[in-house]
Amino acid sequence: MTVAAMPSGRVIWITGLSGAGKTTVGGLVVEAMRARGQTVVWLDGDRLRDIMGAGTSGFDEASRRRLAGTYGRLCREVADQGVDVVCTTVSMFHEVRQWNRDNIAGYFEIYLRVPLDELCRRDPKGHYRASDAMVGIHLAAEEPATPDLVIDNYGTRDAGTAAGQIILALEAREKRTRP
């Protein structure tokens, strides 16, 4: 018996530092995709950390790199089954994003850029005040060098506008890549 090749899903990788709005924007992107009838799985870094048993430990650089690589491989596995994936994660490592580009056919990277002083001001989870392993302060953040889309997610920009910008960029990319 021959199994027909299943079309690959896309991986929409939304990255940025803690407090940049990844979860909020990602949730709105998922809602918009589902409203269009698309099948999409949402993998959020905080929930994945809990699912994978990392919980509140493993915030050192080596653990963060390992988890980020695992997220990429999980996204590829789901996308290879023909399902779109929205992954919202800090994962501020060049090697992880490059692996994603090299190994995930439908990879689309969005960087939610927010200045550090604004992130410290927002600090919705209290991480910037309480942590000694904060990416961007205590651990170096490797800002994306070649994201498919950069959104300055602060000032007058709201999450709905950012999500809409992502949906439009995905639609434009899909039009360019259709045979």
# chains A, B, ... in the order shown; residues from 1 in each chain; ligands from 1

call {"tool": "select_by_dssp", "arguments": {"residues": "chain A", "states": "alpha helix (DSSP H)", "output": "PyMOL selection string"}}
result
chain A and resi 22-35+45-51+61-79+94-103+116-122+127-130+159-177

call {"tool": "write_last_selection", "arguments": {"atoms": "C-alpha atoms", "output": "mmCIF file, in the first residue's frame"}}
result
data_model
loop_
_atom_site.group_PDB
_atom_site.id
_atom_site.type_symbol
_atom_site.label_atom_id
_atom_site.label_comp_id
_atom_site.auth_asym_id
_atom_site.auth_seq_id
_atom_site.Cartn_x
_atom_site.Cartn_y
_atom_site.Cartn_z
ATOM 1 C CA LYS A 22 3.636 36.750 22.040
ATOM 2 C CA THR A 23 0.827 34.859 23.772
ATOM 3 C CA THR A 24 -1.759 37.592 23.258
ATOM 4 C CA VAL A 25 -0.890 38.150 19.602
ATOM 5 C CA GLY A 26 -0.495 34.422 18.950
ATOM 6 C CA GLY A 27 -3.932 33.698 20.405
ATOM 7 C CA LEU A 28 -5.472 36.280 18.079
ATOM 8 C CA VAL A 29 -3.639 34.807 15.079
ATOM 9 C CA VAL A 30 -4.953 31.345 15.980
ATOM 10 C CA GLU A 31 -8.510 32.728 16.306
ATOM 11 C CA ALA A 32 -8.254 34.417 12.904
ATOM 12 C CA MET A 33 -6.911 31.274 11.235
ATOM 13 C CA ARG A 34 -9.657 29.110 12.754
ATOM 14 C CA ALA A 35 -12.289 31.660 11.694
ATOM 15 C CA GLY A 45 6.217 28.325 25.301
ATOM 16 C CA ASP A 46 4.926 28.650 28.870
ATOM 17 C CA ARG A 47 2.506 25.750 28.422
ATOM 18 C CA LEU A 48 5.093 23.663 26.575
ATOM 19 C CA ARG A 49 7.575 24.218 29.390
ATOM 20 C CA ASP A 50 4.997 22.810 31.826
ATOM 21 C CA ILE A 51 4.025 19.907 29.542
ATOM 22 C CA GLU A 61 21.003 29.088 28.886
ATOM 23 C CA ALA A 62 21.665 25.396 28.151
ATOM 24 C CA SER A 63 18.176 24.378 29.295
ATOM 25 C CA ARG A 64 16.571 27.185 27.318
ATOM 26 C CA ARG A 65 18.466 26.151 24.167
ATOM 27 C CA ARG A 66 17.453 22.519 24.632
ATOM 28 C CA LEU A 67 13.783 23.425 25.088
ATOM 29 C CA ALA A 68 13.796 25.798 22.115
ATOM 30 C CA GLY A 69 15.226 23.052 19.916
ATOM 31 C CA THR A 70 12.559 20.665 21.169
ATOM 32 C CA TYR A 71 9.854 23.200 20.312
ATOM 33 C CA GLY A 72 11.170 23.443 16.759
ATOM 34 C CA ARG A 73 11.224 19.669 16.311
ATOM 35 C CA LEU A 74 7.710 19.356 17.738
ATOM 36 C CA CYS A 75 6.461 22.068 15.375
ATOM 37 C CA ARG A 76 8.030 20.265 12.424
ATOM 38 C CA GLU A 77 6.374 16.986 13.443
ATOM 39 C CA VAL A 78 2.918 18.575 13.592
ATOM 40 C CA ALA A 79 3.440 20.529 10.352
ATOM 41 C CA HIS A 94 20.164 32.021 16.177
ATOM 42 C CA GLU A 95 20.936 28.303 15.960
ATOM 43 C CA VAL A 96 17.338 27.343 16.810
ATOM 44 C CA ARG A 97 15.800 29.707 14.273
ATOM 45 C CA GLN A 98 18.319 28.606 11.635
ATOM 46 C CA TRP A 99 17.489 24.949 12.319
ATOM 47 C CA ASN A 100 13.816 25.825 11.866
ATOM 48 C CA ARG A 101 14.531 27.540 8.529
ATOM 49 C CA ASP A 102 16.622 24.623 7.324
ATOM 50 C CA ASN A 103 14.242 21.877 8.459
ATOM 51 C CA LEU A 116 13.853 46.562 27.130
ATOM 52 C CA ASP A 117 12.755 49.636 29.108
ATOM 53 C CA GLU A 118 9.178 49.095 27.891
ATOM 54 C CA LEU A 119 9.329 45.387 28.807
ATOM 55 C CA CYS A 120 10.536 46.280 32.305
ATOM 56 C CA ARG A 121 7.720 48.823 32.609
ATOM 57 C CA ARG A 122 5.080 46.277 31.491
ATOM 58 C CA HIS A 127 9.947 38.393 35.730
ATOM 59 C CA TYR A 128 12.121 41.438 35.167
ATOM 60 C CA ARG A 129 11.951 42.403 38.846
ATOM 61 C CA ALA A 130 12.312 38.940 40.380
ATOM 62 C CA ALA A 159 -2.424 43.146 19.762
ATOM 63 C CA GLY A 160 -5.278 43.037 17.246
ATOM 64 C CA THR A 161 -3.360 45.220 14.803
ATOM 65 C CA ALA A 162 -0.231 43.082 15.223
ATOM 66 C CA ALA A 163 -2.226 39.869 14.648
ATOM 67 C CA GLY A 164 -3.851 41.387 11.569
ATOM 68 C CA GLN A 165 -0.441 42.296 10.204
ATOM 69 C CA ILE A 166 0.692 38.684 10.640
ATOM 70 C CA ILE A 167 -2.402 37.313 8.880
ATOM 71 C CA LEU A 168 -1.879 39.698 5.966
ATOM 72 C CA ALA A 169 1.798 38.717 5.701
ATOM 73 C CA LEU A 170 0.873 35.012 5.729
ATOM 74 C CA GLU A 171 -1.709 35.558 2.986
ATOM 75 C CA ALA A 172 0.799 37.500 0.877
ATOM 76 C CA ARG A 173 3.388 34.762 1.281
ATOM 77 C CA GLU A 174 0.839 32.098 0.349
ATOM 78 C CA LYS A 175 -0.048 33.996 -2.854
ATOM 79 C CA ARG A 176 3.660 34.234 -3.772
ATOM 80 C CA THR A 177 4.306 30.534 -3.221
#

call {"tool": "closest_residue", "arguments": {"among": "A:Val83, A:Asp44, A:Ile151, A:Ala140", "to": "Pro7 of chain A", "atoms": "only C-alpha atoms"}}
result
A:Val83

call {"tool": "residues_around", "arguments": {"residues": "Asp152 of chain A", "least_positions_apart": "6", "cutoff": "9 Å", "atoms": "only C-alpha atoms", "output": "list in words"}}
result
Tyr111, Leu112, Arg113, Val114, Pro115 and Ala162 of chain A

call {"tool": "select_by_dssp", "arguments": {"residues": "segment 76-133 of chain A", "states": "strand (DSSP E or B)", "output": "mmCIF file with all heavy atoms, in the first residue's frame"}}
result
data_model
loop_
_atom_site.group_PDB
_atom_site.id
_atom_site.type_symbol
_atom_site.label_atom_id
_atom_site.label_comp_id
_atom_site.auth_asym_id
_atom_site.auth_seq_id
_atom_site.Cartn_x
_atom_site.Cartn_y
_atom_site.Cartn_z
ATOM 1 N N ASP A 84 -1.223 23.384 10.377
ATOM 2 C CA ASP A 84 -0.514 24.629 10.681
ATOM 3 C C ASP A 84 -0.258 24.714 12.187
ATOM 4 O O ASP A 84 -1.063 24.239 12.983
ATOM 5 C CB ASP A 84 -1.333 25.842 10.245
ATOM 6 C CG ASP A 84 -1.375 26.015 8.736
ATOM 7 O OD1 ASP A 84 -0.478 25.512 8.045
ATOM 8 O OD2 ASP A 84 -2.316 26.668 8.251
ATOM 9 N N VAL A 85 0.861 25.330 12.540
ATOM 10 C CA VAL A 85 1.250 25.489 13.943
ATOM 11 C C VAL A 85 1.587 26.959 14.193
ATOM 12 O O VAL A 85 2.315 27.568 13.412
ATOM 13 C CB VAL A 85 2.500 24.643 14.292
ATOM 14 C CG1 VAL A 85 2.896 24.843 15.750
ATOM 15 C CG2 VAL A 85 2.289 23.180 13.961
ATOM 16 N N VAL A 86 1.054 27.490 15.278
ATOM 17 C CA VAL A 86 1.493 28.796 15.771
ATOM 18 C C VAL A 86 2.249 28.499 17.054
ATOM 19 O O VAL A 86 1.703 27.919 17.989
ATOM 20 C CB VAL A 86 0.302 29.751 16.044
ATOM 21 C CG1 VAL A 86 0.792 31.016 16.746
ATOM 22 C CG2 VAL A 86 -0.414 30.093 14.741
ATOM 23 N N CYS A 87 3.533 28.862 17.076
ATOM 24 C CA CYS A 87 4.365 28.641 18.252
ATOM 25 C C CYS A 87 4.787 30.005 18.794
ATOM 26 O O CYS A 87 5.401 30.800 18.078
ATOM 27 C CB CYS A 87 5.585 27.797 17.911
ATOM 28 S SG CYS A 87 6.590 27.374 19.359
ATOM 29 N N THR A 88 4.430 30.268 20.047
ATOM 30 C CA THR A 88 4.767 31.535 20.700
ATOM 31 C C THR A 88 5.808 31.234 21.769
ATOM 32 O O THR A 88 5.511 30.572 22.763
ATOM 33 C CB THR A 88 3.508 32.195 21.292
ATOM 34 O OG1 THR A 88 2.781 31.244 22.085
ATOM 35 C CG2 THR A 88 2.582 32.698 20.196
ATOM 36 N N THR A 89 7.032 31.707 21.540
ATOM 37 C CA THR A 89 8.147 31.325 22.402
ATOM 38 C C THR A 89 9.248 32.378 22.388
ATOM 39 O O THR A 89 9.468 33.032 21.366
ATOM 40 C CB THR A 89 8.714 29.963 21.957
ATOM 41 O OG1 THR A 89 9.848 29.634 22.744
ATOM 42 C CG2 THR A 89 9.101 29.948 20.495
ATOM 43 N N GLY A 106 7.505 25.119 5.694
ATOM 44 C CA GLY A 106 6.597 26.257 5.769
ATOM 45 C C GLY A 106 6.875 27.182 6.934
ATOM 46 O O GLY A 106 5.948 27.717 7.526
ATOM 47 N N TYR A 107 8.151 27.380 7.259
ATOM 48 C CA TYR A 107 8.519 28.195 8.424
ATOM 49 C C TYR A 107 8.340 29.677 8.124
ATOM 50 O O TYR A 107 8.781 30.193 7.095
ATOM 51 C CB TYR A 107 9.978 27.907 8.781
ATOM 52 C CG TYR A 107 10.491 28.655 9.995
ATOM 53 C CD1 TYR A 107 10.032 28.347 11.263
ATOM 54 C CD2 TYR A 107 11.456 29.645 9.863
ATOM 55 C CE1 TYR A 107 10.518 29.015 12.386
ATOM 56 C CE2 TYR A 107 11.953 30.313 10.973
ATOM 57 C CZ TYR A 107 11.474 29.999 12.230
ATOM 58 O OH TYR A 107 11.956 30.656 13.331
ATOM 59 N N PHE A 108 7.671 30.389 9.049
ATOM 60 C CA PHE A 108 7.450 31.826 8.932
ATOM 61 C C PHE A 108 7.716 32.443 10.296
ATOM 62 O O PHE A 108 7.020 32.141 11.266
ATOM 63 C CB PHE A 108 6.007 32.107 8.489
ATOM 64 C CG PHE A 108 5.758 33.541 8.115
ATOM 65 C CD1 PHE A 108 6.131 34.024 6.874
ATOM 66 C CD2 PHE A 108 5.140 34.402 9.004
ATOM 67 C CE1 PHE A 108 5.899 35.350 6.519
ATOM 68 C CE2 PHE A 108 4.905 35.731 8.673
ATOM 69 C CZ PHE A 108 5.283 36.205 7.420
ATOM 70 N N GLU A 109 8.718 33.299 10.372
ATOM 71 C CA GLU A 109 9.194 33.836 11.656
ATOM 72 C C GLU A 109 8.772 35.284 11.844
ATOM 73 O O GLU A 109 9.017 36.118 10.977
ATOM 74 C CB GLU A 109 10.720 33.728 11.676
ATOM 75 C CG GLU A 109 11.381 34.183 12.948
ATOM 76 C CD GLU A 109 12.885 34.000 12.821
ATOM 77 O OE1 GLU A 109 13.341 32.850 12.691
ATOM 78 O OE2 GLU A 109 13.594 35.026 12.831
ATOM 79 N N ILE A 110 8.150 35.543 12.992
ATOM 80 C CA ILE A 110 7.737 36.892 13.354
ATOM 81 C C ILE A 110 8.466 37.291 14.626
ATOM 82 O O ILE A 110 8.462 36.561 15.607
ATOM 83 C CB ILE A 110 6.215 36.984 13.607
ATOM 84 C CG1 ILE A 110 5.421 36.608 12.349
ATOM 85 C CG2 ILE A 110 5.828 38.388 14.058
ATOM 86 C CD1 ILE A 110 4.891 35.236 12.384
ATOM 87 N N TYR A 111 9.056 38.453 14.603
ATOM 88 C CA TYR A 111 9.741 38.984 15.774
ATOM 89 C C TYR A 111 8.921 40.148 16.322
ATOM 90 O O TYR A 111 8.745 41.167 15.646
ATOM 91 C CB TYR A 111 11.148 39.444 15.389
ATOM 92 C CG TYR A 111 11.934 40.119 16.490
ATOM 93 C CD1 TYR A 111 11.825 39.729 17.820
ATOM 94 C CD2 TYR A 111 12.804 41.154 16.189
ATOM 95 C CE1 TYR A 111 12.553 40.353 18.820
ATOM 96 C CE2 TYR A 111 13.555 41.778 17.181
ATOM 97 C CZ TYR A 111 13.412 41.383 18.492
ATOM 98 O OH TYR A 111 14.133 41.999 19.481
ATOM 99 N N LEU A 112 8.400 39.982 17.524
ATOM 100 C CA LEU A 112 7.720 41.077 18.217
ATOM 101 C C LEU A 112 8.790 41.843 18.986
ATOM 102 O O LEU A 112 9.279 41.392 20.019
ATOM 103 C CB LEU A 112 6.648 40.549 19.170
ATOM 104 C CG LEU A 112 5.474 39.812 18.539
ATOM 105 C CD1 LEU A 112 4.461 39.408 19.605
ATOM 106 C CD2 LEU A 112 4.802 40.639 17.451
ATOM 107 N N ARG A 113 9.155 42.975 18.450
ATOM 108 C CA ARG A 113 10.243 43.765 19.022
ATOM 109 C C ARG A 113 9.676 44.823 19.961
ATOM 110 O O ARG A 113 8.790 45.594 19.580
ATOM 111 C CB ARG A 113 11.040 44.416 17.895
ATOM 112 C CG ARG A 113 12.237 45.190 18.353
ATOM 113 C CD ARG A 113 13.089 45.637 17.191
ATOM 114 N NE ARG A 113 12.329 46.347 16.182
ATOM 115 C CZ ARG A 113 12.789 46.610 14.954
ATOM 116 N NH1 ARG A 113 13.981 46.190 14.586
ATOM 117 N NH2 ARG A 113 12.037 47.273 14.087
#

call {"tool": "atom_distance", "arguments": {"atom1": "atom CA of Trp42 of chain A", "atom2": "atom CA of Thr156 of chain A"}}
result
26.4 Å

call {"tool": "decode", "arguments": {"residues": "segment 91-106 of chain A", "atoms": "all heavy atoms", "output": "PDB file, in the first residue's frame"}}
result
ATOM      1  N   SER A  91      12.739  31.750  22.876  1.00  0.00           N
ATOM      2  CA  SER A  91      13.682  31.054  21.985  1.00  0.00           C
ATOM      3  C   SER A  91      14.586  31.996  21.201  1.00  0.00           C
ATOM      4  O   SER A  91      14.657  31.934  19.979  1.00  0.00           O
ATOM      5  CB  SER A  91      12.921  30.143  21.028  1.00  0.00           C
ATOM      6  OG  SER A  91      12.191  29.179  21.744  1.00  0.00           O
ATOM      7  N   MET A  92      15.280  32.860  21.890  1.00  0.00           N
ATOM      8  CA  MET A  92      16.101  33.886  21.246  1.00  0.00           C
ATOM      9  C   MET A  92      17.513  33.375  20.936  1.00  0.00           C
ATOM     10  O   MET A  92      18.514  33.916  21.420  1.00  0.00           O
ATOM     11  CB  MET A  92      16.165  35.128  22.130  1.00  0.00           C
ATOM     12  CG  MET A  92      14.815  35.808  22.329  1.00  0.00           C
ATOM     13  SD  MET A  92      14.143  36.539  20.834  1.00  0.00           S
ATOM     14  CE  MET A  92      14.963  38.112  20.870  1.00  0.00           C
ATOM     15  N   PHE A  93      17.574  32.321  20.109  1.00  0.00           N
ATOM     16  CA  PHE A  93      18.851  31.725  19.730  1.00  0.00           C
ATOM     17  C   PHE A  93      18.925  31.578  18.215  1.00  0.00           C
ATOM     18  O   PHE A  93      18.043  30.961  17.594  1.00  0.00           O
ATOM     19  CB  PHE A  93      19.014  30.344  20.386  1.00  0.00           C
ATOM     20  CG  PHE A  93      18.886  30.376  21.883  1.00  0.00           C
ATOM     21  CD1 PHE A  93      17.799  29.813  22.517  1.00  0.00           C
ATOM     22  CD2 PHE A  93      19.865  30.991  22.662  1.00  0.00           C
ATOM     23  CE1 PHE A  93      17.681  29.842  23.900  1.00  0.00           C
ATOM     24  CE2 PHE A  93      19.751  31.039  24.044  1.00  0.00           C
ATOM     25  CZ  PHE A  93      18.662  30.461  24.669  1.00  0.00           C
ATOM     26  N   HIS A  94      19.979  32.112  17.625  1.00  0.00           N
ATOM     27  CA  HIS A  94      20.164  32.021  16.177  1.00  0.00           C
ATOM     28  C   HIS A  94      20.141  30.572  15.701  1.00  0.00           C
ATOM     29  O   HIS A  94      19.510  30.262  14.690  1.00  0.00           O
ATOM     30  CB  HIS A  94      21.485  32.668  15.749  1.00  0.00           C
ATOM     31  CG  HIS A  94      21.570  34.131  16.013  1.00  0.00           C
ATOM     32  ND1 HIS A  94      20.579  35.030  15.682  1.00  0.00           N
ATOM     33  CD2 HIS A  94      22.551  34.866  16.601  1.00  0.00           C
ATOM     34  CE1 HIS A  94      20.937  36.248  16.033  1.00  0.00           C
ATOM     35  NE2 HIS A  94      22.133  36.176  16.595  1.00  0.00           N
ATOM     36  N   GLU A  95      20.830  29.697  16.427  1.00  0.00           N
ATOM     37  CA  GLU A  95      20.936  28.303  15.960  1.00  0.00           C
ATOM     38  C   GLU A  95      19.573  27.620  15.900  1.00  0.00           C
ATOM     39  O   GLU A  95      19.325  26.800  15.010  1.00  0.00           O
ATOM     40  CB  GLU A  95      21.888  27.493  16.840  1.00  0.00           C
ATOM     41  CG  GLU A  95      21.338  27.216  18.223  1.00  0.00           C
ATOM     42  CD  GLU A  95      22.349  26.640  19.193  1.00  0.00           C
ATOM     43  OE1 GLU A  95      23.419  27.248  19.366  1.00  0.00           O
ATOM     44  OE2 GLU A  95      22.040  25.591  19.768  1.00  0.00           O
ATOM     45  N   VAL A  96      18.677  27.937  16.810  1.00  0.00           N
ATOM     46  CA  VAL A  96      17.338  27.343  16.810  1.00  0.00           C
ATOM     47  C   VAL A  96      16.543  27.849  15.610  1.00  0.00           C
ATOM     48  O   VAL A  96      15.945  27.062  14.860  1.00  0.00           O
ATOM     49  CB  VAL A  96      16.591  27.653  18.124  1.00  0.00           C
ATOM     50  CG1 VAL A  96      15.124  27.252  18.049  1.00  0.00           C
ATOM     51  CG2 VAL A  96      17.279  26.958  19.295  1.00  0.00           C
ATOM     52  N   ARG A  97      16.548  29.152  15.400  1.00  0.00           N
ATOM     53  CA  ARG A  97      15.800  29.707  14.273  1.00  0.00           C
ATOM     54  C   ARG A  97      16.388  29.242  12.949  1.00  0.00           C
ATOM     55  O   ARG A  97      15.647  28.963  12.002  1.00  0.00           O
ATOM     56  CB  ARG A  97      15.752  31.230  14.378  1.00  0.00           C
ATOM     57  CG  ARG A  97      14.897  31.702  15.563  1.00  0.00           C
ATOM     58  CD  ARG A  97      14.723  33.203  15.568  1.00  0.00           C
ATOM     59  NE  ARG A  97      15.988  33.914  15.616  1.00  0.00           N
ATOM     60  CZ  ARG A  97      16.595  34.294  16.729  1.00  0.00           C
ATOM     61  NH1 ARG A  97      16.055  34.036  17.903  1.00  0.00           N
ATOM     62  NH2 ARG A  97      17.736  34.939  16.682  1.00  0.00           N
ATOM     63  N   GLN A  98      17.710  29.094  12.876  1.00  0.00           N
ATOM     64  CA  GLN A  98      18.319  28.606  11.635  1.00  0.00           C
ATOM     65  C   GLN A  98      17.936  27.146  11.398  1.00  0.00           C
ATOM     66  O   GLN A  98      17.652  26.750  10.274  1.00  0.00           O
ATOM     67  CB  GLN A  98      19.842  28.757  11.671  1.00  0.00           C
ATOM     68  CG  GLN A  98      20.491  28.451  10.329  1.00  0.00           C
ATOM     69  CD  GLN A  98      19.967  29.367   9.224  1.00  0.00           C
ATOM     70  OE1 GLN A  98      19.981  30.591   9.353  1.00  0.00           O
ATOM     71  NE2 GLN A  98      19.496  28.780   8.119  1.00  0.00           N
ATOM     72  N   TRP A  99      17.923  26.338  12.458  1.00  0.00           N
ATOM     73  CA  TRP A  99      17.489  24.949  12.319  1.00  0.00           C
ATOM     74  C   TRP A  99      16.058  24.912  11.784  1.00  0.00           C
ATOM     75  O   TRP A  99      15.739  24.138  10.880  1.00  0.00           O
ATOM     76  CB  TRP A  99      17.572  24.210  13.663  1.00  0.00           C
ATOM     77  CG  TRP A  99      17.260  22.750  13.507  1.00  0.00           C
ATOM     78  CD1 TRP A  99      18.152  21.742  13.316  1.00  0.00           C
ATOM     79  CD2 TRP A  99      15.956  22.132  13.505  1.00  0.00           C
ATOM     80  NE1 TRP A  99      17.488  20.533  13.183  1.00  0.00           N
ATOM     81  CE2 TRP A  99      16.142  20.760  13.292  1.00  0.00           C
ATOM     82  CE3 TRP A  99      14.661  22.618  13.651  1.00  0.00           C
ATOM     83  CZ2 TRP A  99      15.069  19.848  13.223  1.00  0.00           C
ATOM     84  CZ3 TRP A  99      13.599  21.726  13.577  1.00  0.00           C
ATOM     85  CH2 TRP A  99      13.808  20.359  13.371  1.00  0.00           C
ATOM     86  N   ASN A 100      15.200  25.772  12.335  1.00  0.00           N
ATOM     87  CA  ASN A 100      13.816  25.825  11.866  1.00  0.00           C
ATOM     88  C   ASN A 100      13.764  26.144  10.373  1.00  0.00           C
ATOM     89  O   ASN A 100      13.049  25.489   9.615  1.00  0.00           O
ATOM     90  CB  ASN A 100      13.018  26.879  12.643  1.00  0.00           C
ATOM     91  CG  ASN A 100      12.783  26.507  14.093  1.00  0.00           C
ATOM     92  OD1 ASN A 100      13.030  25.385  14.526  1.00  0.00           O
ATOM     93  ND2 ASN A 100      12.317  27.472  14.862  1.00  0.00           N
ATOM     94  N   ARG A 101      14.514  27.157   9.957  1.00  0.00           N
ATOM     95  CA  ARG A 101      14.531  27.540   8.529  1.00  0.00           C
ATOM     96  C   ARG A 101      15.029  26.393   7.649  1.00  0.00           C
ATOM     97  O   ARG A 101      14.504  26.179   6.557  1.00  0.00           O
ATOM     98  CB  ARG A 101      15.423  28.750   8.307  1.00  0.00           C
ATOM     99  CG  ARG A 101      14.784  30.029   8.730  1.00  0.00           C
ATOM    100  CD  ARG A 101      15.448  31.242   8.107  1.00  0.00           C
ATOM    101  NE  ARG A 101      14.873  32.419   8.696  1.00  0.00           N
ATOM    102  CZ  ARG A 101      13.689  32.916   8.378  1.00  0.00           C
ATOM    103  NH1 ARG A 101      12.975  32.327   7.456  1.00  0.00           N
ATOM    104  NH2 ARG A 101      13.221  33.990   8.965  1.00  0.00           N
ATOM    105  N   ASP A 102      16.028  25.702   8.116  1.00  0.00           N
ATOM    106  CA  ASP A 102      16.622  24.623   7.324  1.00  0.00           C
ATOM    107  C   ASP A 102      15.779  23.354   7.304  1.00  0.00           C
ATOM    108  O   ASP A 102      15.913  22.539   6.387  1.00  0.00           O
ATOM    109  CB  ASP A 102      18.018  24.262   7.868  1.00  0.00           C
ATOM    110  CG  ASP A 102      19.036  25.369   7.687  1.00  0.00           C
ATOM    111  OD1 ASP A 102      18.792  26.298   6.889  1.00  0.00           O
ATOM    112  OD2 ASP A 102      20.085  25.304   8.360  1.00  0.00           O
ATOM    113  N   ASN A 103      14.922  23.153   8.296  1.00  0.00           N
ATOM    114  CA  ASN A 103      14.242  21.877   8.459  1.00  0.00           C
ATOM    115  C   ASN A 103      12.720  21.925   8.424  1.00  0.00           C
ATOM    116  O   ASN A 103      12.075  20.875   8.477  1.00  0.00           O
ATOM    117  CB  ASN A 103      14.682  21.232   9.781  1.00  0.00           C
ATOM    118  CG  ASN A 103      16.136  20.833   9.733  1.00  0.00           C
ATOM    119  OD1 ASN A 103      16.489  19.811   9.172  1.00  0.00           O
ATOM    120  ND2 ASN A 103      16.991  21.670  10.308  1.00  0.00           N
ATOM    121  N   ILE A 104      12.133  23.113   8.339  1.00  0.00           N
ATOM    122  CA  ILE A 104      10.677  23.234   8.308  1.00  0.00           C
ATOM    123  C   ILE A 104      10.309  23.973   7.025  1.00  0.00           C
ATOM    124  O   ILE A 104      10.588  25.171   6.876  1.00  0.00           O
ATOM    125  CB  ILE A 104      10.148  23.975   9.550  1.00  0.00           C
ATOM    126  CG1 ILE A 104      10.558  23.246  10.839  1.00  0.00           C
ATOM    127  CG2 ILE A 104       8.633  24.131   9.466  1.00  0.00           C
ATOM    128  CD1 ILE A 104      10.247  24.015  12.122  1.00  0.00           C
ATOM    129  N   ALA A 105       9.662  23.247   6.116  1.00  0.00           N
ATOM    130  CA  ALA A 105       9.354  23.809   4.795  1.00  0.00           C
ATOM    131  C   ALA A 105       8.515  25.080   4.869  1.00  0.00           C
ATOM    132  O   ALA A 105       8.783  26.047   4.167  1.00  0.00           O
ATOM    133  CB  ALA A 105       8.648  22.757   3.942  1.00  0.00           C
ATOM    134  N   GLY A 106       7.505  25.119   5.694  1.00  0.00           N
ATOM    135  CA  GLY A 106       6.597  26.257   5.769  1.00  0.00           C
ATOM    136  C   GLY A 106       6.875  27.182   6.934  1.00  0.00           C
ATOM    137  O   GLY A 106       5.948  27.717   7.526  1.00  0.00           O
TER     138      GLY A 106
END
